[in-house]
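File shown here: protein_20.cif, holding mmCIF, C-alpha atoms.
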```cif
data_entry
#
loop_
_atom_site.label_atom_id
_atom_site.label_comp_id
_atom_site.auth_asym_id
_atom_site.auth_seq_id
_atom_site.Cartn_x
_atom_site.Cartn_y
_atom_site.Cartn_z
CA MET U 1 22.51 46.17 7.06
CA SER U 2 21.77 46.23 3.38
CA GLU U 3 24.08 43.30 2.95
CA LEU U 4 21.98 41.30 5.35
CA GLN U 5 18.86 42.36 3.52
CA ASN U 6 20.40 41.30 0.25
CA GLU U 7 21.33 37.98 1.72
CA ARG U 8 17.80 37.49 2.93
CA LYS U 9 16.47 38.43 -0.44
CA THR U 10 18.62 35.89 -2.27
CA LEU U 11 17.68 33.23 0.26
CA TRP U 12 14.03 34.03 -0.27
CA GLN U 13 14.54 33.79 -4.04
CA ASP U 14 16.28 30.46 -3.58
CA TYR U 15 13.34 29.14 -1.61
CA LYS U 16 10.90 30.41 -4.17
CA LEU U 17 12.81 28.63 -6.90
CA ILE U 18 12.81 25.39 -4.89
CA VAL U 19 9.05 25.63 -4.39
CA GLU U 20 8.45 26.30 -8.08
CA ASN U 21 10.66 23.42 -9.11
CA GLY U 22 9.11 20.98 -6.68
CA LEU U 23 5.50 21.74 -7.43
CA TRP U 24 5.64 22.49 -11.11
CA LYS U 25 8.77 23.01 -13.21
CA ASN U 26 10.60 19.87 -12.11
CA ASN U 27 7.64 17.95 -10.68
CA GLN U 28 9.02 14.48 -9.95
CA ALA U 29 5.99 12.70 -11.37
CA LEU U 30 5.04 14.91 -14.32
CA VAL U 31 8.41 16.20 -15.51
CA ALA U 32 11.18 14.04 -14.06
CA LEU U 33 8.91 10.98 -14.44
CA LEU U 34 10.48 9.39 -11.38
CA GLY U 35 8.77 7.01 -8.98
CA LEU U 36 6.26 5.88 -11.59
CA CYS U 37 5.95 2.33 -10.25
CA PRO U 38 4.23 3.28 -6.99
CA LEU U 39 2.51 6.22 -8.67
CA LEU U 40 0.79 4.06 -11.26
CA ALA U 41 0.13 1.10 -9.01
CA VAL U 42 -1.44 2.82 -6.01
CA SER U 43 -3.40 5.62 -7.66
CA ASN U 44 -6.63 3.65 -8.14
CA ASN U 45 -8.38 5.70 -5.52
CA THR U 46 -7.88 9.00 -3.74
CA ILE U 47 -7.20 7.74 -0.25
CA ASN U 48 -4.58 5.21 -1.37
CA GLY U 49 -2.87 7.98 -3.31
CA LEU U 50 -2.97 10.28 -0.31
CA GLY U 51 -1.60 7.59 2.01
CA LEU U 52 1.34 6.70 -0.22
CA GLY U 53 1.89 10.38 -1.03
CA ILE U 54 2.22 11.33 2.64
CA ALA U 55 4.52 8.38 3.33
CA THR U 56 6.72 9.33 0.37
CA LEU U 57 6.78 12.98 1.43
CA LEU U 58 7.87 12.06 4.95
CA VAL U 59 10.64 9.80 3.67
CA LEU U 60 11.79 12.46 1.23
CA VAL U 61 12.01 15.19 3.89
CA LEU U 62 13.75 12.93 6.43
CA SER U 63 16.24 11.53 3.94
CA ASN U 64 16.99 15.00 2.55
CA VAL U 65 17.67 16.34 6.05
CA LEU U 66 19.96 13.47 7.00
CA VAL U 67 21.81 13.40 3.69
CA SER U 68 22.37 17.14 3.84
CA ALA U 69 23.49 16.99 7.48
CA ILE U 70 26.17 14.39 6.80
CA ARG U 71 27.17 15.66 3.35
CA ASN U 72 30.56 17.00 4.55
CA HIS U 73 31.44 13.86 6.50
CA VAL U 74 30.97 11.32 3.75
CA SER U 75 33.55 10.82 1.04
CA ASP U 76 32.49 10.39 -2.57
CA GLU U 77 33.33 6.69 -2.64
CA ILE U 78 30.81 5.69 0.00
CA ARG U 79 28.17 8.37 -0.46
CA ILE U 80 25.71 6.22 -2.47
CA PRO U 81 25.69 3.27 -0.03
CA VAL U 82 25.32 5.69 2.88
CA PHE U 83 22.41 7.47 1.14
CA ILE U 84 20.75 4.14 0.45
CA ALA U 85 21.22 3.06 4.08
CA ILE U 86 19.63 6.32 5.23
CA ILE U 87 16.69 6.03 2.84
CA ALA U 88 16.11 2.36 3.64
CA THR U 89 16.19 3.13 7.36
CA MET U 90 13.72 5.98 7.04
CA VAL U 91 11.37 3.87 4.91
CA THR U 92 11.46 1.03 7.42
CA VAL U 93 10.75 3.47 10.27
CA ILE U 94 7.72 4.87 8.39
CA ASP U 95 6.64 1.33 7.49
CA LEU U 96 6.72 0.24 11.15
CA LEU U 97 4.91 3.37 12.33
CA MET U 98 2.18 2.97 9.72
CA ASN U 99 1.82 -0.72 10.51
CA ALA U 100 1.35 0.18 14.18
CA TYR U 101 -0.96 3.18 13.89
CA PHE U 102 -2.67 2.91 10.46
CA HIS U 103 -2.87 -0.85 10.28
CA THR U 104 -5.65 -1.27 7.71
CA LEU U 105 -4.26 1.33 5.33
CA HIS U 106 -0.87 -0.27 5.74
CA GLY U 107 -2.45 -3.55 4.69
CA ILE U 108 -3.80 -1.97 1.52
CA LEU U 109 -0.68 -0.04 0.54
CA GLY U 110 1.18 -3.22 1.44
CA ILE U 111 4.27 -3.78 -0.64
CA PHE U 112 4.36 -0.18 -1.89
CA ILE U 113 5.57 1.24 1.42
CA PRO U 114 8.81 -0.79 1.49
CA LEU U 115 9.08 -0.09 -2.23
CA ILE U 116 9.48 3.63 -1.50
CA VAL U 117 13.14 2.63 -1.06
CA THR U 118 13.30 2.05 -4.79
CA ASN U 119 11.49 5.28 -5.67
CA CYS U 120 14.16 6.95 -7.77
CA ALA U 121 12.82 10.37 -6.84
CA ILE U 122 14.18 9.95 -3.31
CA LEU U 123 17.72 8.88 -4.14
CA GLY U 124 17.51 11.39 -6.97
CA ARG U 125 16.88 14.31 -4.61
CA ALA U 126 19.48 13.03 -2.13
CA GLU U 127 22.15 12.89 -4.81
CA ALA U 128 21.15 15.88 -6.94
CA TYR U 129 20.18 18.33 -4.21
CA ALA U 130 20.54 17.39 -0.55
CA SER U 131 24.16 16.27 -0.87
CA LYS U 132 25.12 19.68 -2.24
CA ASN U 133 23.00 22.07 -0.20
CA THR U 134 22.45 23.24 3.36
CA VAL U 135 19.98 21.49 5.64
CA ASP U 136 17.37 24.26 5.55
CA LYS U 137 17.23 24.25 1.76
CA ALA U 138 17.23 20.44 1.68
CA VAL U 139 14.17 20.40 3.96
CA VAL U 140 12.30 22.82 1.72
CA ASP U 141 13.33 20.86 -1.35
CA GLY U 142 12.26 17.55 0.17
CA PHE U 143 8.96 18.96 1.31
CA PHE U 144 7.98 20.57 -1.96
CA MET U 145 9.27 17.77 -4.19
CA GLY U 146 7.24 15.43 -1.98
CA LEU U 147 4.23 17.72 -2.13
CA GLY U 148 4.45 17.85 -5.93
CA PHE U 149 4.52 14.05 -6.03
CA LEU U 150 1.65 13.78 -3.53
CA PHE U 151 -0.39 16.26 -5.53
CA VAL U 152 -0.10 14.14 -8.69
CA LEU U 153 -0.82 10.91 -6.78
CA VAL U 154 -4.01 12.36 -5.27
CA LEU U 155 -5.13 13.98 -8.52
CA LEU U 156 -4.58 10.79 -10.52
CA GLY U 157 -6.24 8.76 -7.76
CA ALA U 158 -9.25 11.07 -7.71
CA LEU U 159 -9.58 10.98 -11.51
CA ARG U 160 -9.40 7.20 -11.67
CA GLU U 161 -11.77 6.76 -8.74
CA MET U 162 -14.36 9.15 -10.16
CA ILE U 163 -14.32 7.57 -13.61
CA GLY U 164 -13.75 4.00 -12.48
CA SER U 165 -16.09 3.71 -9.51
CA GLY U 166 -18.12 6.92 -9.52
CA THR U 167 -17.01 7.79 -5.99
CA LEU U 168 -14.59 10.13 -4.27
CA PHE U 169 -12.83 9.65 -0.92
CA ASP U 170 -14.04 6.05 -0.67
CA GLN U 171 -12.52 4.23 2.35
CA ALA U 172 -11.48 7.52 3.95
CA HIS U 173 -12.06 5.87 7.35
CA LEU U 174 -8.87 3.83 6.85
CA MET U 175 -6.92 7.03 7.32
CA PHE U 176 -9.12 9.41 9.26
CA GLY U 177 -11.04 7.05 11.54
CA GLU U 178 -14.66 5.92 11.65
CA ALA U 179 -16.05 9.47 11.44
CA ALA U 180 -14.70 9.71 7.90
CA ARG U 181 -16.94 6.92 6.62
CA SER U 182 -19.48 9.54 5.62
CA TRP U 183 -16.97 11.50 3.53
CA THR U 184 -17.43 9.21 0.57
CA ILE U 185 -19.14 11.01 -2.28
CA HIS U 186 -21.28 8.87 -4.58
CA PHE U 187 -22.01 10.65 -7.82
CA SER U 188 -24.76 8.33 -8.95
CA ASP U 189 -26.56 5.40 -7.37
CA ASP U 190 -26.43 3.04 -10.30
CA TYR U 191 -23.10 4.00 -11.84
CA GLN U 192 -21.54 0.86 -13.30
CA GLY U 193 -18.02 2.26 -13.41
CA VAL U 194 -15.50 2.28 -16.21
CA LEU U 195 -13.34 -0.73 -15.48
CA LEU U 196 -10.47 0.54 -17.62
CA ALA U 197 -9.86 3.48 -15.30
CA ILE U 198 -9.18 1.20 -12.32
CA LEU U 199 -7.06 -1.31 -14.21
CA PRO U 200 -3.37 -0.55 -14.93
CA PRO U 201 -4.01 0.93 -18.42
CA GLY U 202 -6.16 3.58 -16.75
CA ALA U 203 -3.14 4.67 -14.73
CA PHE U 204 -1.00 5.11 -17.82
CA ILE U 205 -3.72 6.92 -19.75
CA GLY U 206 -4.49 9.15 -16.76
CA LEU U 207 -0.86 10.07 -16.18
CA GLY U 208 -0.42 10.71 -19.90
CA LEU U 209 -3.37 13.08 -19.87
CA LEU U 210 -2.04 14.93 -16.81
CA ILE U 211 1.35 15.39 -18.46
CA ALA U 212 -0.35 16.55 -21.66
CA PHE U 213 -2.44 19.11 -19.75
CA LYS U 214 0.62 20.40 -17.95
CA ASN U 215 2.54 20.78 -21.20
CA MET U 216 -0.45 22.44 -22.85
CA PHE U 217 -0.70 24.90 -19.98
CA ASP U 218 3.04 25.65 -20.09
CA ALA U 219 2.95 26.09 -23.87
CA LYS U 220 0.02 28.51 -23.65
CA LYS U 221 1.84 30.48 -20.99
CA ALA U 222 5.01 30.63 -23.07
CA GLN U 223 2.97 31.70 -26.07
CA LYS U 224 1.43 34.52 -24.07
CA GLN U 225 4.83 35.73 -22.93
CA GLN U 226 6.08 35.58 -26.49
CA ASN U 227 3.17 37.66 -27.70
CA GLN U 228 3.87 40.23 -25.03
CA LEU U 229 7.55 40.42 -25.85
CA GLY U 230 6.61 40.52 -29.50
CA ILE U 231 9.36 40.91 -32.05
CA GLN U 232 12.13 40.60 -29.49
CA VAL U 233 11.45 36.90 -29.00
CA ALA U 234 10.54 36.25 -32.58
CA VAL U 235 14.15 36.65 -33.68
CA THR U 236 15.53 34.40 -30.92
CA PRO U 237 16.69 31.17 -32.51
CA MET U 238 14.83 28.04 -31.42
CA ALA U 239 18.04 26.34 -30.34
CA THR U 240 18.53 28.56 -27.32
CA LYS U 241 15.59 26.91 -25.65
CA MET E 1 59.31 6.08 -1.20
CA SER E 2 56.51 7.84 -3.05
CA VAL E 3 54.89 4.53 -3.99
CA SER E 4 54.86 3.52 -0.37
CA ASN E 5 53.37 6.89 0.54
CA ASN E 6 50.61 6.48 -1.98
CA TYR E 7 49.97 3.03 -0.67
CA GLN E 8 49.78 4.37 2.89
CA LEU E 9 47.36 7.07 1.79
CA LEU E 10 45.16 4.62 -0.07
CA LEU E 11 45.06 2.34 2.93
CA LYS E 12 44.14 5.24 5.15
CA THR E 13 41.30 6.35 2.88
CA MET E 14 40.04 2.80 2.63
CA PHE E 15 39.94 2.30 6.37
CA ASN E 16 38.43 5.72 6.87
CA SER E 17 35.63 5.05 4.36
CA ALA E 18 34.97 1.54 5.61
CA GLY E 19 34.88 2.80 9.18
CA LYS E 20 32.39 5.54 8.38
CA LEU E 21 30.18 3.22 6.37
CA THR E 22 30.14 0.77 9.27
CA LEU E 23 29.31 3.58 11.65
CA PHE E 24 26.35 4.74 9.55
CA VAL E 25 25.00 1.23 9.22
CA LEU E 26 25.38 0.68 12.96
CA ILE E 27 23.47 3.88 13.71
CA SER E 28 20.74 2.74 11.28
CA ILE E 29 20.50 -0.64 12.97
CA ILE E 30 20.22 0.90 16.43
CA LEU E 31 17.55 3.32 15.23
CA LEU E 32 15.56 0.53 13.59
CA LEU E 33 15.79 -1.70 16.64
CA GLY E 34 14.55 1.19 18.76
CA VAL E 35 11.57 1.95 16.53
CA ARG E 36 10.75 -1.74 16.25
CA TYR E 37 10.86 -2.10 20.02
CA ILE E 38 8.50 0.84 20.45
CA THR E 39 6.03 -0.17 17.72
CA ALA E 40 5.97 -3.95 18.29
CA PRO E 41 3.20 -3.96 20.94
CA ALA E 42 1.04 -1.61 18.87
CA ILE E 43 1.49 -3.72 15.73
CA GLU E 44 0.61 -6.90 17.61
CA GLN E 45 -2.45 -5.22 19.07
CA ALA E 46 -3.56 -3.93 15.66
CA GLU E 47 -3.13 -7.36 14.06
CA ARG E 48 -5.09 -8.96 16.85
CA GLU E 49 -7.95 -6.48 16.55
CA ASN E 50 -7.93 -6.91 12.81
CA LEU E 51 -8.21 -10.69 13.11
CA LEU E 52 -10.94 -10.54 15.76
CA ASN E 53 -12.82 -8.06 13.63
CA THR E 54 -12.76 -10.45 10.66
CA PHE E 55 -13.74 -13.31 12.98
CA SER E 56 -16.85 -11.47 14.09
CA GLN E 57 -17.91 -11.25 10.45
CA VAL E 58 -17.85 -15.01 9.88
CA LEU E 59 -19.02 -16.11 13.32
CA PRO E 60 -21.21 -13.62 15.20
CA ASN E 61 -19.79 -12.57 18.56
CA GLU E 62 -22.85 -13.66 20.54
CA TYR E 63 -22.19 -17.30 19.68
CA TYR E 64 -19.08 -17.57 21.82
CA ASP E 65 -17.59 -16.28 25.04
CA ASN E 66 -14.00 -17.52 24.84
CA ASP E 67 -11.00 -16.02 23.06
CA PRO E 68 -10.62 -17.99 19.80
CA LEU E 69 -7.12 -16.58 19.32
CA GLN E 70 -6.03 -18.48 22.42
CA ASP E 71 -7.86 -21.71 21.59
CA THR E 72 -6.50 -23.17 18.40
CA MET E 73 -5.73 -26.50 16.79
CA GLN E 74 -3.56 -27.29 13.78
CA ILE E 75 -4.68 -29.33 10.79
CA THR E 76 -1.57 -31.12 9.58
CA ASP E 77 -2.96 -34.17 7.74
CA THR E 78 -1.86 -33.82 4.10
CA ALA E 79 -5.15 -35.13 2.67
CA TYR E 80 -7.03 -32.42 4.59
CA LEU E 81 -4.49 -29.75 3.67
CA LYS E 82 -4.92 -30.62 0.01
CA LEU E 83 -8.66 -30.04 0.31
CA LEU E 84 -8.01 -26.74 2.07
CA GLY E 85 -5.62 -25.71 -0.70
CA SER E 86 -2.78 -25.11 1.72
CA SER E 87 0.75 -26.43 1.68
CA GLU E 88 1.39 -25.72 5.34
CA ALA E 89 -0.53 -26.45 8.54
CA VAL E 90 -3.86 -24.65 8.83
CA THR E 91 -4.79 -23.07 12.15
CA VAL E 92 -8.35 -23.59 13.33
CA TYR E 93 -9.65 -21.03 15.83
CA ARG E 94 -12.24 -22.64 18.04
CA ALA E 95 -15.19 -20.89 19.64
CA TYR E 96 -16.92 -22.11 22.79
CA LYS E 97 -19.87 -20.90 24.78
CA ASN E 98 -20.20 -22.02 28.41
CA ASN E 99 -17.42 -24.50 27.60
CA GLN E 100 -19.56 -26.15 24.94
CA PRO E 101 -18.20 -26.14 21.34
CA ALA E 102 -19.93 -23.38 19.41
CA GLY E 103 -18.07 -23.13 16.14
CA ALA E 104 -14.75 -22.86 14.39
CA ILE E 105 -12.99 -20.40 12.12
CA PHE E 106 -10.24 -21.25 9.65
CA SER E 107 -8.91 -20.18 6.31
CA ALA E 108 -8.93 -22.01 3.00
CA VAL E 109 -7.50 -21.31 -0.42
CA ALA E 110 -9.25 -21.70 -3.76
CA PRO E 111 -6.31 -22.48 -6.05
CA ASN E 112 -8.35 -22.30 -9.24
CA GLY E 113 -9.49 -18.68 -9.36
CA TYR E 114 -9.45 -16.81 -12.66
CA THR E 115 -6.26 -14.99 -11.61
CA GLY E 116 -4.57 -17.20 -9.06
CA ASN E 117 -5.38 -18.04 -5.48
CA ILE E 118 -8.45 -16.79 -3.66
CA TYR E 119 -8.01 -16.69 0.12
CA ILE E 120 -11.17 -17.34 2.09
CA LEU E 121 -12.04 -17.22 5.77
CA ILE E 122 -14.71 -19.72 6.75
CA GLY E 123 -16.77 -19.89 9.91
CA VAL E 124 -18.83 -22.97 10.78
CA TYR E 125 -21.27 -23.70 13.58
CA HIS E 126 -20.76 -26.74 15.74
CA ASP E 127 -23.34 -28.66 13.66
CA GLY E 128 -21.34 -28.16 10.45
CA ARG E 129 -23.44 -25.39 8.92
CA ILE E 130 -21.69 -22.33 7.52
CA SER E 131 -21.93 -19.33 9.83
CA GLY E 132 -20.18 -16.97 7.44
CA VAL E 133 -17.69 -16.70 4.63
CA ARG E 134 -15.45 -13.80 3.55
CA THR E 135 -12.83 -13.47 0.87
CA ILE E 136 -9.66 -12.16 2.44
CA LYS E 137 -7.45 -11.71 -0.58
CA HIS E 138 -7.85 -12.23 -4.30
CA ARG E 139 -6.85 -10.82 -7.66
CA GLU E 140 -10.03 -11.51 -9.60
CA THR E 141 -11.07 -9.02 -12.28
CA PRO E 142 -12.51 -5.81 -10.80
CA GLY E 143 -16.12 -5.41 -11.85
CA LEU E 144 -16.55 -9.07 -12.77
CA GLY E 145 -15.01 -11.61 -10.42
CA ASP E 146 -14.67 -9.26 -7.47
CA LYS E 147 -18.34 -9.73 -6.61
CA ILE E 148 -17.05 -12.36 -4.17
CA GLU E 149 -16.21 -9.40 -1.91
CA LEU E 150 -18.98 -8.36 0.45
CA SER E 151 -18.25 -4.71 -0.29
CA LYS E 152 -19.12 -5.34 -3.95
CA SER E 153 -22.04 -7.75 -3.72
CA ASN E 154 -24.02 -9.84 -1.25
CA TRP E 155 -23.11 -13.05 -3.02
CA VAL E 156 -21.00 -14.51 -0.18
CA LEU E 157 -24.03 -14.29 2.10
CA GLU E 158 -25.64 -17.10 0.04
CA PHE E 159 -23.44 -19.51 1.97
CA ASN E 160 -24.84 -18.61 5.37
CA GLY E 161 -26.60 -21.51 7.11
CA ARG E 162 -25.77 -24.05 4.39
CA ASN E 163 -24.36 -27.48 5.07
CA LEU E 164 -22.92 -30.32 3.04
CA ARG E 165 -24.95 -33.53 3.10
CA ASP E 166 -22.29 -35.72 1.57
CA ASP E 167 -19.14 -35.34 -0.48
CA ASN E 168 -21.12 -35.22 -3.72
CA ASP E 169 -23.91 -32.90 -2.60
CA PRO E 170 -25.21 -31.59 -5.97
CA ARG E 171 -26.42 -28.31 -4.46
CA TRP E 172 -22.80 -27.14 -4.13
CA ALA E 173 -22.36 -25.73 -7.62
CA VAL E 174 -23.39 -22.66 -9.61
CA LYS E 175 -26.90 -22.76 -11.10
CA LYS E 176 -25.38 -23.17 -14.55
CA ASP E 177 -23.92 -26.50 -13.36
CA GLY E 178 -27.17 -27.53 -11.69
CA GLY E 179 -26.40 -26.26 -8.20
CA ASP E 180 -27.92 -23.70 -5.84
CA PHE E 181 -25.58 -20.76 -6.18
CA ASP E 182 -25.80 -17.75 -8.47
CA GLN E 183 -23.03 -17.24 -10.96
CA PHE E 184 -21.97 -13.75 -12.04
CA THR E 185 -22.64 -12.37 -15.48
CA GLY E 186 -19.40 -12.76 -17.38
CA ALA E 187 -17.58 -14.60 -14.60
CA THR E 188 -18.33 -18.24 -13.83
CA ILE E 189 -14.81 -19.40 -13.05
CA THR E 190 -14.50 -17.26 -9.92
CA PRO E 191 -17.73 -18.42 -8.16
CA ARG E 192 -17.01 -22.01 -9.22
CA ALA E 193 -13.60 -21.79 -7.55
CA VAL E 194 -14.98 -20.27 -4.35
CA ILE E 195 -17.87 -22.74 -4.10
CA GLY E 196 -15.47 -25.62 -4.73
CA ALA E 197 -13.06 -24.44 -2.04
CA ILE E 198 -15.80 -24.00 0.56
CA LYS E 199 -17.30 -27.39 -0.32
CA ASN E 200 -13.88 -29.01 0.14
CA ALA E 201 -13.49 -27.22 3.45
CA LEU E 202 -16.84 -28.60 4.60
CA ILE E 203 -15.73 -32.10 3.60
CA VAL E 204 -12.81 -31.62 6.01
CA VAL E 205 -15.13 -30.26 8.73
CA ASN E 206 -17.59 -33.16 8.35
CA ASP E 207 -14.77 -35.68 8.32
CA LEU E 208 -13.12 -34.26 11.42
CA GLY E 209 -16.46 -33.94 13.22
CA GLY E 210 -16.02 -33.74 16.97
CA ARG E 211 -12.24 -33.97 16.69
CA LEU E 212 -12.28 -30.33 15.59
CA TYR E 213 -13.16 -29.27 19.13
CA GLU E 214 -11.08 -31.71 21.18
#
```

If you took the structure in this file and wrote it as structure tokens, what would it be?
Amino acid sequence: MSELQNERKTLWQDYKLIVENGLWKNNQALVALLGLCPLLAVSNNTINGLGLGIATLLVLVLSNVLVSAIRNHVSDEIRIPVFIAIIATMVTVIDLLMNAYFHTLHGILGIFIPLIVTNCAILGRAEAYASKNTVDKAVVDGFFMGLGFLFVLVLLGALREMIGSGTLFDQAHLMFGEAARSWTIHFSDDYQGVLLAILPPGAFIGLGLLIAFKNMFDAKKAQKQQNQLGIQVAVTPMATK
Amino acid sequence: MSVSNNYQLLLKTMFNSAGKLTLFVLISIILLLGVRYITAPAIEQAERENLLNTFSQVLPNEYYDNDPLQDTMQITDTAYLKLLGSSEAVTVYRAYKNNQPAGAIFSAVAPNGYTGNIYILIGVYHDGRISGVRTIKHRETPGLGDKIELSKSNWVLEFNGRNLRDDNDPRWAVKKDGGDFDQFTGATITPRAVIGAIKNALIVVNDLGGRLYE
């Protein structure tokens, strides 16, 4: 009985670790810096970011599941081509579904949907995690890695949209139907917009700021822990980090 | 003996791997064909609606009662295609009301935008006046040249109801060049390109005349 409880406990800890890694510690966009091409290109408004984020998340979960499910049937020599075939298939499926049911949004995200194939984060997770772990863990990993990526895409999109155009959730109707037209928030009637935020440099500057904030937050947290541990940490050599 | 064994083993692994890879690719192909089969009608429908929706912006729905998607003609004459900025045949969608020609919708390209091609959809009434113009695709500078989009500015509405008297009609230029149309602050190249492309398109329309609706 206690063995089972222990097992459950370790499983729960495993999951918790996966969630932490996906959302924060190993965030694919802020820490691993993977998938930057679509991230920087599509984050000029919130809805575009959300659309690409959801598509990427779906691909990541599906490819993780399939890669994990076949991991014992594929020899090392052919694993990469098989992973790529799986990812490419999943992306094409999502691309077709979006084209059929979210046609206008598909038109806007355009080339970036097929380009999910080249998002290193997806092959990265397939190779580094899904091919070595059970299906249940691979699903959780895919979902939270995808969620971490989506979170950064939406945040960066919202930042750039607010500064660049003075709006939020513009064009929400492309995703949520005509009723969502009224969701758009205009902060000011005669806001001219900061062009730089919408242009590519704005993406780089915005992402840089997000990474800086994350590092600042982590450093503060580490500092706090150090202060609490006091002298014990003070003697730990830097190199062990 | 051992060499031959190794060889046998290698061959076996090779065939095994190749077989599995083929199997995975086959499964992928079947899956994709299935999804494509299921989504194809929906995609076609969405594209159709999209096109009709854009049509209604350049030629109001009440002006016609036929289905312009079903009634088309191709412009293939190279002199015309040059004026329309296209290298391949241009499809003209024709609108009729009570079987009388009402107008036509076609696309044109302004090759001389500030950042490459500007794709324009043009609607004309039967008498050669512009019924509406929309930019479909462009890469002009956001905040400057993108005022050619209706969502950014009403500039494209200036074209409504205008016609071209002759090939050198001086009104078809920005005010800076002595014409009728507003330029944008900080961006003259973009409106010049759009005005030029629409003017050229009207030259084609005037030249074709009644042949457009035959």

Practice task
Using all atoms listed in the file, find which residues of chain U lie within 10 Å of chain E and jot them down as a PyMOL selection string.
Solution key: chain U and resi 73-79+81-83+85-90+92-94+96-104+164-165+192-196+198-199

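Pairwise distance (atom CA of E:Thr78, atom CA of E:Tyr93) equals 19.0 Å.
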
Using all atoms of stretch 22-36 of chain U listed in the file and a margin of 6 Å per side, can you give the axis-aligned box centre and edge lengths in Å to one decimal, as JSON?
```
{"center_x": 8.1, "center_y": 14.4, "center_z": -11.1, "size_x": 18.1, "size_y": 29.1, "size_z": 20.8}
```

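In terms of minimum interatomic distance to U:Val19, U:Leu147 ranks closest within U:Leu147, U:Leu39, U:Leu105, U:Ala222, counting only C-alpha atoms.
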
Exercise for the section: Could you state which residues are captured by the PyMOL selection byres ((chain E and resi 174) around 10) in this file, as a ChimeraX atom specification? Expected result: /E:170-173,175-184,188-189,191-192,195-196
